[in-house]
Amino acid sequence: MMYTEPLNYYREKAAAFGSEKEKLEKQKNSIAWARVAILLAGGWMVYQAWQTGIGMAFLAFSLALGIFLWLLKKSLRLAENIHLLEQKISIHQEEIRMAEHQAGERFNGAALAPKNHPYCGDLDLFGQASLYQYVHRCTSGQGKQLLANWLLSPADNTVIASRQDAARELSGKPDWSVAFQAIGQMNPVNFVTEQSLHNWLLQPAGFFPKTAWRVLSILFPVVSLSLLGLHIMGVVQAQVFYSLVILFMVFAFGISRKVMPQYRSLNNIVPQLNTLSAALKTVESAGFSSTRLKELQFLLQPDGLPQASLATFQLRKILDRFDYRLNPLVFVPLNTFLLWDLQQVWSLEKWKHLNSGALKQWFSTLAEMEALNSLGRLAFNHPNWVFPQIAQEQGLFSGTGIGHPLIPAAKRICNDFSSRNLPAIALVTGSNMAGKSTFLRSIGINQVLAMCGAPVCAEALTVSNMRIMSSMRIADNLEENTSTFYAELSKLKAIIEAVNRKEPVFLLLDEILRGTNSQDRQTGSKALIIQLIRQSACGLLATHDLSLTELQRQYPAALTNYHFDVSVEGEELYFDYKLKTGICQSMNASILMKKIGIEL
């Protein structure tokens, strides 16, 4: 089902989940009172039954305990469902805030930004109020990193098409999308979880499949339990029995010391295993039709092995049984008579033997599903955006209604722009604050979204597979003793080298060579543009230097002039932020200087 008003969907769902949560909380409170009543009633029943005999008292105690444990299990299940509903409510409330461009404290990916990258700093890919903060709906560390990688590097055309199909399908499943994200938020999976399992996989097996340990795990409980039965029947005297129990205990806990290293390496990841199992089950049970989503489902069902969700659930249950040691009253007799730690480590190493080859794939599948879910949510939230067409020809960028996705729709001004056939340099002139830099970023961000398989903020867009290379924000580096001018030259050097190698790149250059004097800047800028044209480059170059526009006479087929202008009424400036062909004829620097007190 497609929703034309996502905001209404989120509001309705938040209210519905809120009502459901209140209902479950009332049930949980009722069960809490019922447990208290069972404790009191059970105590009274045991007291009354004790008058009849110990057998009746034991029966009354067992009945009360059984009912109490059943109520406790039901209460825990309700608590888990309430927690899941809280996550869903928080997601819907966050989506409402995001629709109003209030990112708040959402994870912004600043730590994922590479130090030197061809475009991420210029296009606000990471950090507060960034594209990443706006797009991502990942919960695991692996998913967050993978989505960042997709934004940082173009995929090939086949991969882009498969991601588009997956995102398009997920955009039509908002209930599934939110449920999947909510499960991930319960106890987020991270790289520590995966690394703990990886380190455990590298440890050599100490027990499985050695025959001696297997025989011992079966024979020892038979002997110890038989001895217990004989003691209860009076065949084995207490002195002999308790002496043997002490011997059994020493032997059992000697084995436990050999088991402990494996337990310690995994005992902190049980909550994350719950999330991993539930998230994978959500993927496995979904009715997907797009090729990539079905492929990911197939990867979770290895031949001859349980589904990934069941396998991770089995691992969690083994670790749960290990945790009986946290209750000495339960663990000591279990380990003494059953070699409990040996039984569990045998199961653990058998699990490793069966599933070690698939474990890495489970984490990568979860990460990819989260990244695809982020693209699908973006498409759902913006039904008016489009999935771009990917052209086979080189150097094509052609779109209508292109806007900056991080500007609210009510304030966003969209433009048409087309560039095709190499070489193709678009020179954009205009007054200060007229929209040149924002337009360049609009083109760049939409190309980045297109190259990762996401929908774009446009009415229509067709692009070639190109990597953005930009030089827009330049800053000096005191740590590396680098001036602003040298930093810009380093960027331009990388751009020239990529163009010379005939790499498929789309250039975004804003006021190049600003760190030197006007004569050198003009000379260098003209030389660079001519060089780019001769090397069949394509891209956009914003400038205040009107003399550069004269190059169109020399290269009419390769260079096109565009501009943003300003209307002046008295000392007031009015901008329409619309891209127009030709050269800008109106500038506003003198008016702005007068406004701050410079007497011209």
# chains A, B, ... in the order shown; residues from 1 in each chain; ligands from 1
>>> residues_around(residues="Thr282 of chain A", least_positions_apart="6", cutoff="9 Å", atoms="only C-alpha atoms", output="ChimeraX atom specification")
/A:176,179-180,183,309
>>> write_last_selection(atoms="N, CA, C and O atoms", output="CSV table (one decimal), in the first residue's frame")
chain,number,residue,atom,x,y,z
A,176,TRP,N,6.4,-2.8,8.0
A,176,TRP,CA,7.6,-3.7,8.1
A,176,TRP,C,8.8,-2.9,8.4
A,176,TRP,O,9.6,-3.3,9.2
A,179,ALA,N,8.9,-1.8,12.0
A,179,ALA,CA,9.1,-2.9,12.9
A,179,ALA,C,10.6,-3.4,12.8
A,179,ALA,O,11.1,-3.7,13.9
A,180,PHE,N,11.1,-3.5,11.7
A,180,PHE,CA,12.5,-3.9,11.5
A,180,PHE,C,13.5,-2.9,12.3
A,180,PHE,O,14.4,-3.4,13.0
A,183,ILE,N,13.0,-3.3,16.2
A,183,ILE,CA,13.8,-4.5,16.7
A,183,ILE,C,15.2,-4.2,16.9
A,183,ILE,O,15.9,-4.5,17.9
A,309,SER,N,18.1,-17.0,11.7
A,309,SER,CA,17.5,-16.5,13.0
A,309,SER,C,17.4,-17.6,14.0
A,309,SER,O,17.6,-17.4,15.2
>>> residues_around(residues="Tyr263 of chain A", least_positions_apart="2", cutoff="10 Å", atoms="only C-alpha atoms", output="ChimeraX atom specification")
/A:200,256,258-261,265-268,319,322-323,341,344-345,348
>>> residues_around(residues="segment 29-35 of chain A", least_positions_apart="4", cutoff="12 Å", atoms="only C-alpha atoms", output="PyMOL selection string")
chain A and resi 22-25+39-42+64-79
>>> atom_distance(atom1="atom CA of Arg521 of chain A", atom2="atom CA of Phe506 of chain A")
22.2 Å
>>> select_by_dssp(residues="segment 158-310 of chain A", states="alpha helix (DSSP H)", output="ChimeraX atom specification")
/A:158-171,174-186,191-202,211-232,238-266,270-284,291-299,308-310
>>> atom_distance(atom1="atom CA of Phe380 of chain A", atom2="atom CA of Phe126 of chain A")
22.0 Å
>>> atom_distance(atom1="atom CA of Gln181 of chain A", atom2="atom CA of His382 of chain A")
18.6 Å
>>> select_by_dssp(residues="segment 420-490 of chain A", states="strand (DSSP E or B)", output="ChimeraX atom specification")
/A:424-430,456,460-464,467-471,477,482
>>> closest_atom_pairs(of="segment 353-458 of chain A", to="segment 164-171 of chain A", cutoff="9 Å", atoms="only C-alpha atoms", output="JSON lines")
{"residue": "A:Leu372", "atom": "CA", "partner": "A:Ala167", "partner_atom": "CA", "distance": 5.8}
{"residue": "A:Asn373", "atom": "CA", "partner": "A:Leu170", "partner_atom": "CA", "distance": 6.5}
{"residue": "A:Ser374", "atom": "CA", "partner": "A:Ala167", "partner_atom": "CA", "distance": 8.1}
{"residue": "A:Leu375", "atom": "CA", "partner": "A:Ala167", "partner_atom": "CA", "distance": 5.4}
{"residue": "A:Gly376", "atom": "CA", "partner": "A:Ala167", "partner_atom": "CA", "distance": 4.0}
{"residue": "A:Arg377", "atom": "CA", "partner": "A:Ser171", "partner_atom": "CA", "distance": 5.7}
{"residue": "A:Leu378", "atom": "CA", "partner": "A:Ser171", "partner_atom": "CA", "distance": 7.7}
{"residue": "A:Ala379", "atom": "CA", "partner": "A:Ser171", "partner_atom": "CA", "distance": 5.7}
{"residue": "A:Phe380", "atom": "CA", "partner": "A:Ser171", "partner_atom": "CA", "distance": 4.6}
{"residue": "A:Asn381", "atom": "CA", "partner": "A:Ser171", "partner_atom": "CA", "distance": 8.3}
{"residue": "A:Phe387", "atom": "CA", "partner": "A:Gln164", "partner_atom": "CA", "distance": 6.9}
{"residue": "A:Pro388", "atom": "CA", "partner": "A:Gln164", "partner_atom": "CA", "distance": 9.0}
{"residue": "A:Cys452", "atom": "CA", "partner": "A:Gln164", "partner_atom": "CA", "distance": 8.7}
{"residue": "A:Gly453", "atom": "CA", "partner": "A:Gln164", "partner_atom": "CA", "distance": 5.0}
{"residue": "A:Ala454", "atom": "CA", "partner": "A:Gln164", "partner_atom": "CA", "distance": 6.3}
{"residue": "A:Pro455", "atom": "CA", "partner": "A:Gln164", "partner_atom": "CA", "distance": 7.7}
>>> residues_around(residues="Thr549 of chain A", least_positions_apart="4", cutoff="8 Å", atoms="only C-alpha atoms", output="PDB file with C-alpha atoms, in the first residue's frame")
ATOM      1  CA  LEU A 427      29.944  28.544 -15.781  1.00  0.00           C
ATOM      2  CA  ASP A 545      34.801  36.790 -12.298  1.00  0.00           C
ATOM      3  CA  ASN A 561      27.037  30.530 -19.219  1.00  0.00           C
ATOM      4  CA  ILE A 583      25.746  36.227 -17.828  1.00  0.00           C
TER       5      ILE A 583
END
